[in-house]
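The structure appears below as structure tokens.
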Amino acid sequence: MIDISRFNLRRLTADMPLLPFHCADKDLNEFLVQDAKNYLNDMMAVTYVFIDPDKQQIAAYFSLLNDKVAYDPQSKSIWNRINRHIHNSKRRRSYPSVKVGRLAVGEEYMNSGLGSRILEYIKLWYADENRAGCRFLTVDAYRDATKFYEKNGFEYFTTLDVLDSTRLMYFDLKDIKDQLQKEQ
């Protein structure tokens, strides 16, 4: 698996020149070039880029935005499974989360494990430095990316979107938090 520390992580800013980036998905390429800075300026999402310093190009990027995991009466069994991991006195109709709005790995870095390393990084970032109360990571995974998210511990939130172009998936950050506390 690729060593993520060899890349420079930078938060995208409005005046940052974009280095070259190309992945296999046209929508993900266009988001970085056409939309990421607009989302930042409109305070809708923040994008982070992993820069390969040797090649002076973006190896990967991800965007994060606030979200919530909310009760859906049509998916009671899944909601019950989520609630089993939350103390009775703390159970709500919704829980705070952060959405991975976009995650893209450049073609040159595909199948290197970089995407999984980025998800590990995000999980640890929020589980260990949870500054604003965030229990879950969510993603609207493209149909062809669902296996990748499954492999990285994400679960489906509903079965109602099984035929849709994207599937709502979640990861419980408490699992990482508990693991970190055991290691200390």
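Residues are named by chain letter and number: chains run A, B, ... in the order of the structure tokens, numbers start at 1 in each chain, and ligands are numbered from 1 in the order shown.
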_So that I can check the surroundings of Gln56 of chain A, please list as a VMD selection string every protein, DNA and RNA residue that reaches within 12 Å of it, counting only C-alpha atoms and ignoring chain neighbours fewer than 3 positions away._
chain A and resid 7 to 8 17 to 21 49 to 53 59
*Tell me, as a PyMOL selection string, which residues lie within 12 Å of segment 41-48 of chain A, counting only C-alpha atoms; anything in the same chain fewer than 2 positions away does not count.*
chain A and resi 7-16+18+31-33+35-39+50-51+58-67+98-104+118+121-122
*DSSP-assigned alpha helix (DSSP H) among segment 51-148 of chain A, expressed as a ChimeraX atom specification*: /A:76-83,114-128,146-148
_Nearest to Ala70 of chain A by atom-to-atom distance, counting only C-alpha atoms, from A:Leu119, A:Ile82, A:Leu160, A:Ala24_ =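 Among the listed residues, A:Ile82 lies closest to Ala70 of chain A.
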*A:Met169, A:Val162, A:Val105, A:Leu114 ranked by distance to Leu137 of chain A, top pick (using only C-alpha atoms)*: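 Residue with the minimum atom-to-atom distance to Leu137 of chain A: A:Met169.
Interatomic distance, atom CA of Gln74 of chain A to atom CA of Thr159 of chain A: 9.2 Å.
Each of A:Gln34, A:Asn152, A:Ser77, A:Asn130 was checked against Lys174 of chain A using only C-alpha atoms; the smallest atom-to-atom distance is that of A:Asn130.
Among A:Asp3, A:Asp25, A:Glu108, A:Glu120, the residue with the shortest atom-to-atom distance to Lys151 of chain A, counting only C-alpha atoms, is A:Glu120.
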*Enter the distance from atom CA of Leu40 of chain A to atom CA of Phe136 of chain A, in Å, rounded to one decimal.*
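These two atoms are separated by 21.9 Å.
Comparing the minimum interatomic distances between Glu150 of chain A and each of A:Arg167, A:Arg92, A:Arg135, A:Lys55, counting only C-alpha atoms, we find that A:Arg167 sits nearest.
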*Shell of 7 Å around Val69 of chain A, only C-alpha atoms, local chain residues under 4 positions omitted, as a PyMOL selection string*: chain A and resi 94-97
*One-decimal distance in Å that lies between atom CA of Met110 of chain A and atom CA of Asp172 of chain A*: 25.9 Å
_Pick from A:Thr138, A:Ser165, A:Thr146, A:Asn29 nearest to Lys123 of chain A, counting only C-alpha atoms_ =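 Among the listed residues, the smallest separation from Lys123 of chain A belongs to A:Thr138.
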